[in-house]
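Student: For reference, the file protein05.cif (mmCIF, C-alpha atoms) is included below:
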```cif
data_work
loop_
_atom_site.label_atom_id
_atom_site.label_comp_id
_atom_site.auth_asym_id
_atom_site.auth_seq_id
_atom_site.Cartn_x
_atom_site.Cartn_y
_atom_site.Cartn_z
CA MET W 1 13.96 33.53 73.22
CA SER W 2 11.69 32.07 70.57
CA ALA W 3 8.98 29.68 71.72
CA PHE W 4 10.68 26.72 70.01
CA ALA W 5 14.00 27.50 71.67
CA VAL W 6 12.22 27.47 75.03
CA SER W 7 10.52 24.22 74.05
CA LEU W 8 13.89 22.64 73.24
CA ARG W 9 15.42 23.87 76.50
CA VAL W 10 12.53 22.30 78.38
CA ILE W 11 12.25 19.06 76.40
CA LEU W 12 15.87 17.98 76.01
CA PRO W 13 16.70 17.61 79.73
CA ALA W 14 13.32 15.96 80.24
CA LEU W 15 14.04 13.41 77.50
CA ALA W 16 17.54 12.78 78.83
CA LEU W 17 15.82 11.60 82.00
CA VAL W 18 12.73 9.99 80.48
CA ALA W 19 14.40 7.91 77.74
CA PRO W 20 16.68 5.74 79.92
CA LEU W 21 14.31 5.65 82.89
CA GLY W 22 11.31 4.81 80.73
CA ALA W 23 13.26 2.14 78.85
CA ALA W 24 14.32 0.57 82.14
CA LEU W 25 10.72 0.64 83.41
CA GLY W 26 9.59 -0.88 80.12
CA PHE W 27 12.13 -3.69 80.45
CA PHE W 28 10.96 -4.40 83.97
CA LEU W 29 7.30 -4.39 82.89
CA SER W 30 7.99 -6.72 79.96
CA ARG W 31 9.79 -9.32 82.11
CA ALA W 32 8.44 -9.14 85.65
CA ARG W 33 5.41 -11.08 86.84
CA GLY W 34 3.30 -10.82 89.96
CA ALA W 35 2.19 -8.16 92.39
CA LEU W 36 5.15 -5.78 92.09
CA ARG W 37 4.70 -5.62 88.32
CA ALA W 38 0.98 -4.90 88.74
CA VAL W 39 1.74 -2.05 91.14
CA VAL W 40 4.41 -0.52 88.89
CA ASP W 41 2.16 -0.91 85.86
CA ALA W 42 -0.66 0.92 87.63
CA LEU W 43 1.67 3.70 88.80
CA VAL W 44 2.88 4.13 85.21
CA LEU W 45 -0.60 4.06 83.70
CA VAL W 46 -2.30 6.52 86.04
CA PRO W 47 -0.38 9.65 84.92
CA LEU W 48 -1.05 8.57 81.33
CA VAL W 49 -4.81 8.85 81.79
CA LEU W 50 -5.01 11.68 84.35
CA PRO W 51 -5.77 15.16 83.02
CA PRO W 52 -2.42 16.96 82.66
CA SER W 53 -3.76 19.72 84.90
CA VAL W 54 -4.07 17.18 87.69
CA VAL W 55 -0.51 15.96 87.11
CA GLY W 56 0.66 19.58 87.23
CA TYR W 57 -1.32 20.32 90.35
CA LEU W 58 -0.02 17.25 92.17
CA LEU W 59 3.52 18.23 91.19
CA LEU W 60 2.81 21.63 92.68
CA VAL W 61 1.57 20.04 95.91
CA VAL W 62 4.74 17.96 96.23
CA LEU W 63 7.42 20.04 94.51
CA GLY W 64 5.97 23.54 94.88
CA ARG W 65 7.52 26.11 97.23
CA ARG W 66 5.29 24.92 100.06
CA GLY W 67 5.36 21.25 99.04
CA ALA W 68 7.22 18.72 101.17
CA ILE W 69 10.03 18.16 98.70
CA GLY W 70 9.82 21.58 97.06
CA ALA W 71 10.42 23.41 100.36
CA LEU W 72 13.34 21.14 101.10
CA LEU W 73 14.90 21.73 97.66
CA GLU W 74 14.64 25.46 98.20
CA ARG W 75 16.08 25.43 101.71
CA ALA W 76 18.90 22.99 101.03
CA PHE W 77 19.92 23.84 97.46
CA ASP W 78 18.17 27.13 96.73
CA VAL W 79 16.42 25.37 93.84
CA ARG W 80 13.02 26.68 92.83
CA LEU W 81 11.17 24.62 90.23
CA VAL W 82 8.04 26.72 89.96
CA PHE W 83 8.26 29.38 87.21
CA SER W 84 11.53 27.87 85.99
CA SER W 85 12.56 25.98 82.88
CA ALA W 86 13.67 23.11 85.13
CA GLY W 87 10.16 22.98 86.56
CA ALA W 88 8.69 22.85 83.06
CA SER W 89 11.10 19.98 82.33
CA VAL W 90 9.80 18.13 85.38
CA ALA W 91 6.19 18.60 84.26
CA VAL W 92 7.01 17.45 80.73
CA ALA W 93 8.96 14.46 82.04
CA ALA W 94 6.09 13.40 84.30
CA VAL W 95 3.74 13.31 81.34
CA ALA W 96 6.16 11.74 78.84
CA LEU W 97 7.59 9.05 81.13
CA PRO W 98 4.51 6.76 81.16
CA LEU W 99 4.36 6.83 77.37
CA MET W 100 8.07 5.98 77.10
CA ALA W 101 7.63 3.16 79.61
CA LYS W 102 4.61 1.56 77.94
CA ALA W 103 6.05 1.87 74.43
CA SER W 104 9.39 0.44 75.64
CA GLU W 105 7.55 -2.44 77.27
CA ALA W 106 6.06 -3.26 73.86
CA ALA W 107 9.51 -2.95 72.24
CA PHE W 108 11.06 -5.45 74.67
CA ALA W 109 8.05 -7.78 74.48
CA ARG W 110 8.53 -8.03 70.71
CA VAL W 111 12.03 -9.48 71.10
CA ASP W 112 11.78 -13.19 70.28
CA ARG W 113 12.30 -15.04 73.56
CA SER W 114 13.96 -17.98 71.78
CA LEU W 115 16.82 -15.71 70.67
CA GLU W 116 17.55 -14.87 74.32
CA GLU W 117 17.24 -18.53 75.29
CA ALA W 118 19.83 -19.45 72.68
CA ALA W 119 22.20 -16.93 74.28
CA GLU W 120 21.61 -18.07 77.87
CA ALA W 121 21.60 -21.80 77.19
CA ASN W 122 24.90 -21.49 75.35
CA GLY W 123 26.43 -19.80 78.38
CA LEU W 124 26.05 -16.03 78.08
CA SER W 125 25.50 -14.14 81.34
CA ALA W 126 22.28 -12.22 81.88
CA SER W 127 24.04 -8.91 81.25
CA ALA W 128 25.78 -10.16 78.10
CA THR W 129 22.48 -11.53 76.80
CA PHE W 130 20.87 -8.16 77.39
CA ARG W 131 23.74 -6.23 75.81
CA LEU W 132 24.33 -8.47 72.78
CA VAL W 133 20.84 -9.75 72.00
CA THR W 134 17.92 -8.09 73.81
CA LEU W 135 18.91 -4.44 73.58
CA PRO W 136 20.03 -4.36 69.92
CA LEU W 137 16.84 -6.16 68.87
CA ALA W 138 14.65 -3.81 70.94
CA LEU W 139 16.50 -0.69 69.78
CA PRO W 140 14.24 0.27 66.84
CA GLY W 141 11.23 -0.09 69.13
CA LEU W 142 12.97 2.01 71.76
CA GLY W 143 13.71 4.64 69.11
CA ALA W 144 10.01 4.68 68.23
CA ALA W 145 9.16 4.95 71.93
CA ALA W 146 11.54 7.88 72.39
CA THR W 147 10.09 9.63 69.35
CA LEU W 148 6.60 9.18 70.76
CA ALA W 149 7.73 10.51 74.14
CA ALA W 150 9.43 13.49 72.46
CA LEU W 151 6.23 14.27 70.57
CA ARG W 152 4.20 14.09 73.75
CA ALA W 153 6.76 16.33 75.46
CA LEU W 154 6.64 18.83 72.62
CA GLY W 155 2.84 18.95 72.81
CA GLU W 156 2.68 19.20 76.63
CA PHE W 157 0.51 22.07 77.80
CA GLY W 158 -1.59 21.47 80.90
CA ALA W 159 0.94 20.11 83.36
CA THR W 160 3.54 22.69 82.33
CA LEU W 161 1.17 25.60 82.78
CA THR W 162 -0.25 24.33 86.08
CA PHE W 163 3.09 23.50 87.67
CA ALA W 164 5.68 25.76 86.07
CA GLY W 165 3.42 28.63 85.08
CA TYR W 166 3.71 31.01 82.15
CA THR W 167 7.00 32.90 82.30
CA ARG W 168 9.79 33.83 79.95
CA SER W 169 11.62 30.56 80.62
CA THR W 170 8.55 28.30 80.57
CA ALA W 171 6.79 29.76 77.53
CA THR W 172 7.01 26.68 75.32
CA ALA W 173 5.42 26.64 71.87
CA PRO W 174 2.05 25.20 73.01
CA LEU W 175 1.81 27.76 75.83
CA GLU W 176 2.67 30.56 73.44
CA VAL W 177 -0.10 29.48 71.07
CA TYR W 178 -2.63 29.74 73.90
CA PHE W 179 -1.43 33.10 75.21
CA ALA W 180 -0.99 34.61 71.75
CA MET W 181 -4.61 33.68 71.05
CA GLN W 182 -5.72 35.13 74.40
CA GLN W 183 -3.98 38.37 73.56
CA GLY W 184 -5.60 38.51 70.11
CA ASP W 185 -2.30 37.89 68.27
CA ASP W 186 -3.85 35.47 65.77
CA GLY W 187 -0.93 35.66 63.36
CA ARG W 188 1.51 34.43 65.99
CA ALA W 189 -0.90 31.75 67.22
CA LEU W 190 -1.43 30.44 63.70
CA GLY W 191 2.26 30.58 62.79
CA LEU W 192 3.28 28.61 65.88
CA SER W 193 0.43 26.16 65.34
CA LEU W 194 1.47 25.44 61.78
CA ALA W 195 5.08 25.05 62.90
CA LEU W 196 3.96 22.53 65.54
CA VAL W 197 1.96 20.65 62.91
CA ALA W 198 5.04 20.53 60.68
CA VAL W 199 7.42 19.32 63.41
CA SER W 200 4.91 16.74 64.62
CA THR W 201 4.37 15.42 61.10
CA ILE W 202 8.09 14.98 60.60
CA ALA W 203 8.36 13.24 63.97
CA ALA W 204 5.44 10.99 63.02
CA PHE W 205 7.40 9.90 59.95
CA VAL W 206 10.45 9.25 62.12
CA PHE W 207 8.25 7.16 64.41
CA HIS W 208 6.94 5.26 61.43
CA ALA W 209 10.49 4.58 60.18
CA TRP W 210 11.57 3.25 63.58
CA SER W 211 8.44 1.12 63.89
CA ARG W 212 9.03 -0.61 60.56
CA ARG W 213 12.58 -1.71 61.40
CA MET Y 1 31.04 -35.34 83.34
CA SER Y 2 30.16 -38.87 84.37
CA GLU Y 3 26.56 -39.20 83.30
CA LEU Y 4 23.36 -37.31 82.72
CA ARG Y 5 20.31 -38.79 84.41
CA VAL Y 6 16.99 -37.65 83.05
CA ASP Y 7 13.77 -38.47 84.88
CA ALA Y 8 11.65 -35.71 83.49
CA ARG Y 9 7.97 -35.05 83.67
CA ALA Y 10 6.57 -31.95 82.04
CA ARG Y 11 3.42 -30.78 80.43
CA ILE Y 12 2.87 -28.33 77.61
CA GLU Y 13 -0.83 -27.79 76.99
CA ALA Y 14 -2.28 -31.23 76.22
CA PHE Y 15 1.12 -32.88 75.70
CA GLU Y 16 2.54 -34.90 78.58
CA LEU Y 17 6.16 -35.93 78.73
CA ASP Y 18 7.56 -38.70 80.87
CA ALA Y 19 11.16 -39.17 79.75
CA ARG Y 20 13.57 -41.45 81.63
CA PHE Y 21 17.03 -42.31 80.47
CA THR Y 22 20.70 -42.05 81.35
CA ALA Y 23 23.25 -40.63 78.91
CA ARG Y 24 26.99 -41.24 79.20
CA PRO Y 25 29.91 -39.65 77.37
CA GLY Y 26 29.33 -40.41 73.72
CA VAL Y 27 26.41 -39.82 71.41
CA THR Y 28 22.94 -40.66 72.70
CA VAL Y 29 20.44 -40.46 69.88
CA LEU Y 30 16.92 -39.37 70.78
CA PHE Y 31 14.86 -41.07 68.10
CA GLY Y 32 11.17 -40.98 67.37
CA PRO Y 33 8.39 -39.39 65.36
CA THR Y 34 7.55 -35.68 65.40
CA ALA Y 35 5.79 -34.39 68.53
CA SER Y 36 6.97 -37.31 70.65
CA GLY Y 37 8.82 -35.12 73.19
CA LYS Y 38 12.40 -35.02 71.90
CA THR Y 39 12.65 -31.24 71.57
CA LEU Y 40 10.95 -30.66 74.92
CA THR Y 41 13.44 -33.03 76.54
CA LEU Y 42 16.36 -31.02 75.17
CA ARG Y 43 14.75 -27.78 76.36
CA LEU Y 44 14.40 -29.25 79.85
CA VAL Y 45 18.03 -30.34 79.89
CA ALA Y 46 19.11 -26.92 78.58
CA GLY Y 47 17.09 -25.32 81.37
CA VAL Y 48 14.89 -23.09 79.23
CA GLU Y 49 11.88 -25.11 80.38
CA ARG Y 50 11.07 -26.18 83.94
CA LEU Y 51 10.21 -29.67 85.13
CA ALA Y 52 6.76 -30.43 86.51
CA GLY Y 53 8.12 -33.49 88.28
CA GLY Y 54 11.13 -35.77 88.54
CA SER Y 55 14.69 -34.53 88.21
CA ILE Y 56 17.60 -33.96 85.87
CA ARG Y 57 21.05 -34.68 87.29
CA SER Y 58 24.48 -34.24 85.88
CA GLY Y 59 26.70 -36.56 87.90
CA GLU Y 60 25.91 -35.69 91.52
CA ARG Y 61 24.74 -32.21 90.59
CA VAL Y 62 20.99 -31.56 90.52
CA LEU Y 63 20.17 -29.38 87.52
CA ASP Y 64 16.43 -29.31 88.20
CA ASP Y 65 14.24 -31.20 90.63
CA GLY Y 66 11.43 -28.72 91.16
CA THR Y 67 13.21 -26.99 94.06
CA ALA Y 68 16.87 -26.78 93.05
CA PHE Y 69 17.29 -25.18 89.64
CA VAL Y 70 20.55 -24.42 87.86
CA PRO Y 71 20.00 -21.60 85.35
CA PRO Y 72 20.79 -22.42 81.70
CA ARG Y 73 23.99 -20.38 81.60
CA ASP Y 74 25.53 -22.36 84.47
CA ARG Y 75 24.81 -25.82 83.08
CA GLY Y 76 27.85 -26.01 80.80
CA VAL Y 77 25.59 -26.75 77.87
CA GLY Y 78 25.91 -26.14 74.15
CA TRP Y 79 22.51 -26.05 72.51
CA ALA Y 80 21.57 -25.95 68.84
CA PRO Y 81 17.78 -25.52 68.85
CA GLN Y 82 15.75 -26.92 66.01
CA ASP Y 83 15.04 -23.61 64.27
CA GLY Y 84 18.59 -22.39 64.92
CA ALA Y 85 17.47 -19.34 66.91
CA LEU Y 86 20.15 -17.32 65.16
CA TRP Y 87 20.42 -13.62 65.92
CA PRO Y 88 19.18 -11.57 62.94
CA HIS Y 89 21.33 -8.54 63.79
CA ARG Y 90 24.66 -10.39 64.09
CA THR Y 91 26.96 -11.83 61.47
CA ALA Y 92 28.08 -15.46 61.44
CA ARG Y 93 31.35 -14.50 63.14
CA GLU Y 94 29.49 -12.46 65.75
CA HIS Y 95 27.49 -15.54 66.68
CA LEU Y 96 30.71 -17.13 67.93
CA THR Y 97 32.82 -14.25 69.26
CA PRO Y 98 30.93 -14.04 72.58
CA PHE Y 99 31.89 -17.65 73.28
CA THR Y 100 35.31 -18.21 71.77
CA PRO Y 101 38.36 -16.13 70.84
CA ASP Y 102 38.86 -18.27 67.76
CA ALA Y 103 35.63 -17.74 65.85
CA ILE Y 104 37.31 -17.93 62.45
CA ALA Y 105 38.81 -21.36 63.07
CA LEU Y 106 35.46 -22.66 64.26
CA LEU Y 107 33.70 -21.26 61.20
CA ALA Y 108 36.29 -23.06 59.09
CA ARG Y 109 35.56 -26.35 60.85
CA VAL Y 110 31.91 -26.17 59.83
CA GLY Y 111 32.76 -24.92 56.34
CA LEU Y 112 31.56 -21.34 56.75
CA SER Y 113 34.87 -19.47 56.36
CA ASP Y 114 33.59 -17.44 53.43
CA ARG Y 115 30.34 -16.61 55.23
CA ALA Y 116 31.89 -14.94 58.30
CA ASP Y 117 30.45 -11.50 57.64
CA ARG Y 118 26.99 -12.56 56.56
CA LYS Y 119 23.91 -12.20 58.70
CA PRO Y 120 21.48 -15.13 58.98
CA THR Y 121 19.09 -13.80 56.33
CA ARG Y 122 21.92 -14.09 53.79
CA LEU Y 123 22.72 -17.70 54.69
CA SER Y 124 21.08 -20.79 53.19
CA GLY Y 125 19.10 -23.17 55.40
CA GLY Y 126 22.03 -25.58 55.63
CA GLU Y 127 24.47 -22.77 56.42
CA ARG Y 128 22.21 -21.54 59.20
CA GLN Y 129 22.13 -25.01 60.70
CA ARG Y 130 25.91 -25.27 60.60
CA LEU Y 131 26.20 -21.87 62.28
CA ALA Y 132 23.83 -22.93 65.07
CA PHE Y 133 25.89 -26.11 65.42
CA ALA Y 134 29.14 -24.10 65.60
CA ARG Y 135 27.68 -21.84 68.29
CA ALA Y 136 26.79 -24.92 70.35
CA LEU Y 137 30.37 -26.22 69.98
CA ALA Y 138 32.03 -22.90 70.73
CA ARG Y 139 32.70 -23.39 74.43
CA SER Y 140 33.54 -27.10 74.08
CA PRO Y 141 30.67 -27.88 76.44
CA ALA Y 142 30.48 -31.01 78.56
CA LEU Y 143 26.90 -31.44 77.42
CA LEU Y 144 25.98 -30.93 73.78
CA LEU Y 145 22.30 -30.70 72.82
CA LEU Y 146 21.65 -30.97 69.09
CA ASP Y 147 18.09 -30.80 67.83
CA GLU Y 148 17.93 -32.17 64.28
CA PRO Y 149 21.04 -30.12 63.57
CA PHE Y 150 21.70 -31.36 60.03
CA SER Y 151 18.24 -31.92 58.56
CA ALA Y 152 18.79 -29.36 55.78
CA LEU Y 153 22.26 -30.59 54.74
CA ASP Y 154 23.21 -32.68 51.72
CA ASP Y 155 24.55 -36.16 52.45
CA ALA Y 156 28.25 -35.32 52.07
CA THR Y 157 28.12 -32.27 54.37
CA ARG Y 158 25.94 -34.17 56.79
CA ARG Y 159 28.64 -36.84 57.09
CA GLN Y 160 31.37 -34.24 57.63
CA MET Y 161 29.35 -32.60 60.40
CA GLY Y 162 28.66 -36.04 61.85
CA GLU Y 163 32.40 -36.55 62.18
CA LEU Y 164 32.62 -33.33 64.21
CA VAL Y 165 29.92 -34.71 66.49
CA ARG Y 166 31.91 -37.94 66.88
CA ALA Y 167 35.00 -35.83 67.71
CA GLU Y 168 33.07 -34.10 70.51
CA ALA Y 169 32.06 -37.49 71.86
CA ALA Y 170 35.67 -38.64 71.64
CA ARG Y 171 36.85 -35.78 73.84
CA GLY Y 172 34.35 -36.92 76.47
CA ALA Y 173 31.27 -34.81 75.85
CA ILE Y 174 27.79 -36.16 76.45
CA VAL Y 175 25.92 -35.53 73.21
CA LEU Y 176 22.13 -35.71 72.99
CA PHE Y 177 21.36 -35.91 69.30
CA VAL Y 178 17.78 -35.61 68.09
CA THR Y 179 17.00 -37.02 64.68
CA HIS Y 180 14.39 -39.05 62.91
CA ASP Y 181 16.78 -40.14 60.19
CA ARG Y 182 17.50 -43.82 60.84
CA GLU Y 183 20.73 -43.91 58.81
CA GLU Y 184 22.15 -40.89 60.64
CA ALA Y 185 21.04 -42.31 63.98
CA THR Y 186 22.82 -45.64 63.50
CA ARG Y 187 25.91 -43.98 62.04
CA LEU Y 188 26.39 -41.59 65.00
CA GLY Y 189 24.74 -43.20 67.98
CA ASP Y 190 26.42 -45.05 70.85
CA ALA Y 191 23.10 -45.42 72.64
CA PHE Y 192 19.49 -44.81 71.72
CA VAL Y 193 16.42 -43.48 73.45
CA LEU Y 194 13.22 -44.19 71.58
CA PHE Y 195 10.45 -41.62 71.99
CA GLU Y 196 6.79 -42.45 71.47
CA SER Y 197 3.96 -40.09 72.52
CA GLY Y 198 5.98 -38.55 75.33
CA ARG Y 199 7.28 -41.91 76.67
CA THR Y 200 10.79 -43.23 76.35
CA ARG Y 201 12.54 -46.58 76.05
CA GLU Y 202 16.31 -47.08 76.11
CA ALA Y 203 17.74 -49.35 73.44
CA PRO Y 204 21.25 -50.59 72.62
CA ALA Y 205 20.52 -50.37 68.90
CA LEU Y 206 17.80 -49.25 66.53
#
```
Could you quickly redo this structure as structure tokens?
Tutor:
Amino acid sequence: MSAFAVSLRVILPALALVAPLGAALGFFLSRARGALRAVVDALVLVPLVLPPSVVGYLLLVVLGRRGAIGALLERAFDVRLVFSSAGASVAVAAVALPLMAKASEAAFARVDRSLEEAAEANGLSASATFRLVTLPLALPGLGAAATLAALRALGEFGATLTFAGYTRSTATAPLEVYFAMQQGDDGRALGLSLALVAVSTIAAFVFHAWSRR
Amino acid sequence: MSELRVDARARIEAFELDARFTARPGVTVLFGPTASGKTLTLRLVAGVERLAGGSIRSGERVLDDGTAFVPPRDRGVGWAPQDGALWPHRTAREHLTPFTPDAIALLARVGLSDRADRKPTRLSGGERQRLAFARALARSPALLLLDEPFSALDDATRRQMGELVRAEAARGAIVLFVTHDREEATRLGDAFVLFESGRTREAPAL
């Protein structure tokens, strides 16, 4: 499989998890006050600033074959995350989730509070206010957040390598660049690098378009 | 609803409000200069702002007294805020459909039939005000809060809209109507609350 096909197989399931979960976390962060918010905010921020290798290593400690949850997954469901595309998805999701959450928080915070007040004070329920007013107004910002998270997922290297390793099913484009270079295959390394630059540039324009809406 | 009793103390930055009055079915005009506390009073009654002291009661029901607090959506209020607070992503019709099955008829009542599919940015200032007014009317609320709802309208339209306000009063609604237009106040008001620097005085006439 080509490196980009592997990348897609790793990223898409990760984003399917990260986009809704991150948006929900962002909504919570934008509205909640007090100690619980501070705790959640810290838990979201820490993976954002940790070296990806540390994120990958901690995932290995918890979800690896000898990790508390990893051993359980293997015994109960015969699921092995290490060296698998699912494991790479987990690593990518762990790194992309904080970005999605923080960018979604900003998207929800930009929604004019008075527009929600006008909904509530005229009798709309909390869920109707969210569905009819808050969410549609935050949607461009959430699109920008998802684009940012997808870019981060596409560029993920350290956590993937540390947790999921370098195998046929985890050899995403960034990993391939590194190993092609290690093996002296400069042509392949350069080709993949330029392709990553191109995809990222396009995504940056998409991000820009979302952000301006 | 029998009556609305407002005994509201609140503070926003340096501004202190101490508003006391009782409103009965009919139109109670809140009259006074800018920044005298009229808008804040409506926000407190709507429940989008919390009291610092005192209470707001609707009949025997406590809407807010610092401990008990009825959320805005359960107050049976229709609120047209001063700036309209219209939803930029929804058409005129879509401003009313969440509240009433008969959005088109309501748009017709406020003279916006031919604007049903326009979003707020494509409405004039006066049209936006009438849409905010229509949204406040949509559920035929017991308590109608109108914050300078017709300030951008020409005299003829303003009078037509005033008649709709009178019709709401006639069906038994308590209407709090903020204006600083003396002519409009005397034309619509059954009772008057005069605002001055955050203090209030009830008056039978202006």
Student: Mind giving me the straight-line distance from CA of Phe150 in chain Y to CA of Arg5 in chain Y in Å, one decimal?
Tutor: 25.5 Å
Student: Go through chain W and flag each residue having an atom no more than 10 Å from chain Y; for those, report the closest pair of atoms plus their distance in Å to one decimal, using only C-alpha atoms, ordered by chain and rising number, as a tab-separated table.
Tutor:
```
residue	atom	partner	partner_atom	distance
W:Asp112	CA	Y:Ala85	CA	9.0
W:Arg113	CA	Y:Ala85	CA	9.5
W:Ser114	CA	Y:Ala85	CA	6.2
W:Leu115	CA	Y:Ala85	CA	5.3
W:Glu116	CA	Y:Ala85	CA	8.7
W:Glu117	CA	Y:Val48	CA	6.5
W:Ala118	CA	Y:Ala85	CA	6.2
W:Ala119	CA	Y:Arg73	CA	8.3
W:Glu120	CA	Y:Arg73	CA	5.0
W:Ala121	CA	Y:Pro72	CA	4.6
W:Asn122	CA	Y:Gly78	CA	4.9
W:Gly123	CA	Y:Arg73	CA	4.1
W:Leu124	CA	Y:Arg73	CA	6.0
W:Ser125	CA	Y:Arg73	CA	6.4
W:Ala126	CA	Y:Arg73	CA	8.3
W:Ala128	CA	Y:Pro98	CA	8.5
W:Thr129	CA	Y:Pro98	CA	9.8
W:Leu132	CA	Y:Pro98	CA	8.6
W:Val133	CA	Y:Trp87	CA	7.2
W:Thr134	CA	Y:Trp87	CA	10.0
W:Pro136	CA	Y:His89	CA	7.5
W:Leu137	CA	Y:His89	CA	7.2
```
Student: Closest to Ile56 in chain Y among Y:Arg20, Y:Arg158, Y:Arg109, Y:Arg128, using all atoms listed in the file?
Tutor: Y:Arg20
Student: Which residues fall under the PyMOL selection byres ((chain W and resi 89) around 12) in this file, as a PDB file with C-alpha atoms, in the coordinates of the input?
Tutor:
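Contents of the output file result-v1.pdb:
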```
ATOM      1  CA  VAL W   6      12.220  27.470  75.030  1.00  0.00           C
ATOM      2  CA  SER W   7      10.520  24.220  74.050  1.00  0.00           C
ATOM      3  CA  LEU W   8      13.890  22.640  73.240  1.00  0.00           C
ATOM      4  CA  ARG W   9      15.420  23.870  76.500  1.00  0.00           C
ATOM      5  CA  VAL W  10      12.530  22.300  78.380  1.00  0.00           C
ATOM      6  CA  ILE W  11      12.250  19.060  76.400  1.00  0.00           C
ATOM      7  CA  LEU W  12      15.870  17.980  76.010  1.00  0.00           C
ATOM      8  CA  PRO W  13      16.700  17.610  79.730  1.00  0.00           C
ATOM      9  CA  ALA W  14      13.320  15.960  80.240  1.00  0.00           C
ATOM     10  CA  LEU W  15      14.040  13.410  77.500  1.00  0.00           C
ATOM     11  CA  ALA W  16      17.540  12.780  78.830  1.00  0.00           C
ATOM     12  CA  LEU W  17      15.820  11.600  82.000  1.00  0.00           C
ATOM     13  CA  VAL W  18      12.730   9.990  80.480  1.00  0.00           C
ATOM     14  CA  GLY W  56       0.660  19.580  87.230  1.00  0.00           C
ATOM     15  CA  LEU W  59       3.520  18.230  91.190  1.00  0.00           C
ATOM     16  CA  LEU W  81      11.170  24.620  90.230  1.00  0.00           C
ATOM     17  CA  VAL W  82       8.040  26.720  89.960  1.00  0.00           C
ATOM     18  CA  PHE W  83       8.260  29.380  87.210  1.00  0.00           C
ATOM     19  CA  SER W  84      11.530  27.870  85.990  1.00  0.00           C
ATOM     20  CA  SER W  85      12.560  25.980  82.880  1.00  0.00           C
ATOM     21  CA  ALA W  86      13.670  23.110  85.130  1.00  0.00           C
ATOM     22  CA  GLY W  87      10.160  22.980  86.560  1.00  0.00           C
ATOM     23  CA  ALA W  88       8.690  22.850  83.060  1.00  0.00           C
ATOM     24  CA  VAL W  90       9.800  18.130  85.380  1.00  0.00           C
ATOM     25  CA  ALA W  91       6.190  18.600  84.260  1.00  0.00           C
ATOM     26  CA  VAL W  92       7.010  17.450  80.730  1.00  0.00           C
ATOM     27  CA  ALA W  93       8.960  14.460  82.040  1.00  0.00           C
ATOM     28  CA  ALA W  94       6.090  13.400  84.300  1.00  0.00           C
ATOM     29  CA  VAL W  95       3.740  13.310  81.340  1.00  0.00           C
ATOM     30  CA  ALA W  96       6.160  11.740  78.840  1.00  0.00           C
ATOM     31  CA  LEU W  97       7.590   9.050  81.130  1.00  0.00           C
ATOM     32  CA  ALA W 150       9.430  13.490  72.460  1.00  0.00           C
ATOM     33  CA  ALA W 153       6.760  16.330  75.460  1.00  0.00           C
ATOM     34  CA  LEU W 154       6.640  18.830  72.620  1.00  0.00           C
ATOM     35  CA  GLU W 156       2.680  19.200  76.630  1.00  0.00           C
ATOM     36  CA  PHE W 157       0.510  22.070  77.800  1.00  0.00           C
ATOM     37  CA  ALA W 159       0.940  20.110  83.360  1.00  0.00           C
ATOM     38  CA  THR W 160       3.540  22.690  82.330  1.00  0.00           C
ATOM     39  CA  LEU W 161       1.170  25.600  82.780  1.00  0.00           C
ATOM     40  CA  PHE W 163       3.090  23.500  87.670  1.00  0.00           C
ATOM     41  CA  ALA W 164       5.680  25.760  86.070  1.00  0.00           C
ATOM     42  CA  GLY W 165       3.420  28.630  85.080  1.00  0.00           C
ATOM     43  CA  SER W 169      11.620  30.560  80.620  1.00  0.00           C
ATOM     44  CA  THR W 170       8.550  28.300  80.570  1.00  0.00           C
ATOM     45  CA  ALA W 171       6.790  29.760  77.530  1.00  0.00           C
ATOM     46  CA  THR W 172       7.010  26.680  75.320  1.00  0.00           C
TER      47      THR W 172
END
```
Student: Going by the chain IDs and residue numbers used in this file, which residues fall under the PyMOL selection byres ((chain Y and resi 195) around 12)? Write them as number ranges by chain.
Tutor: Y: 17-21, 29-41, 178-180, 192-194, 196-203, 206
Student: Mind completing range 49-55 of chain W with N, CA and C atoms? Output as a PDB file, keeping the file's coordinate frame, please?
Tutor:
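File written: result-v7.pdb
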```
ATOM      1  N   VAL W  49      -3.388   8.603  82.018  1.00  0.00           N
ATOM      2  CA  VAL W  49      -4.810   8.850  81.790  1.00  0.00           C
ATOM      3  C   VAL W  49      -5.342  10.036  82.599  1.00  0.00           C
ATOM      4  N   LEU W  50      -4.572  10.513  83.585  1.00  0.00           N
ATOM      5  CA  LEU W  50      -5.010  11.680  84.350  1.00  0.00           C
ATOM      6  C   LEU W  50      -4.992  12.920  83.466  1.00  0.00           C
ATOM      7  N   PRO W  51      -5.882  13.873  83.718  1.00  0.00           N
ATOM      8  CA  PRO W  51      -5.770  15.160  83.020  1.00  0.00           C
ATOM      9  C   PRO W  51      -4.417  15.789  83.367  1.00  0.00           C
ATOM     10  N   PRO W  52      -3.721  16.344  82.380  1.00  0.00           N
ATOM     11  CA  PRO W  52      -2.420  16.960  82.660  1.00  0.00           C
ATOM     12  C   PRO W  52      -2.492  18.022  83.744  1.00  0.00           C
ATOM     13  N   SER W  53      -3.640  18.697  83.846  1.00  0.00           N
ATOM     14  CA  SER W  53      -3.760  19.720  84.900  1.00  0.00           C
ATOM     15  C   SER W  53      -3.646  19.090  86.283  1.00  0.00           C
ATOM     16  N   VAL W  54      -4.163  17.877  86.406  1.00  0.00           N
ATOM     17  CA  VAL W  54      -4.070  17.180  87.690  1.00  0.00           C
ATOM     18  C   VAL W  54      -2.617  16.794  87.981  1.00  0.00           C
ATOM     19  N   VAL W  55      -1.928  16.297  86.945  1.00  0.00           N
ATOM     20  CA  VAL W  55      -0.510  15.960  87.110  1.00  0.00           C
ATOM     21  C   VAL W  55       0.254  17.197  87.564  1.00  0.00           C
TER      22      VAL W  55
END
```
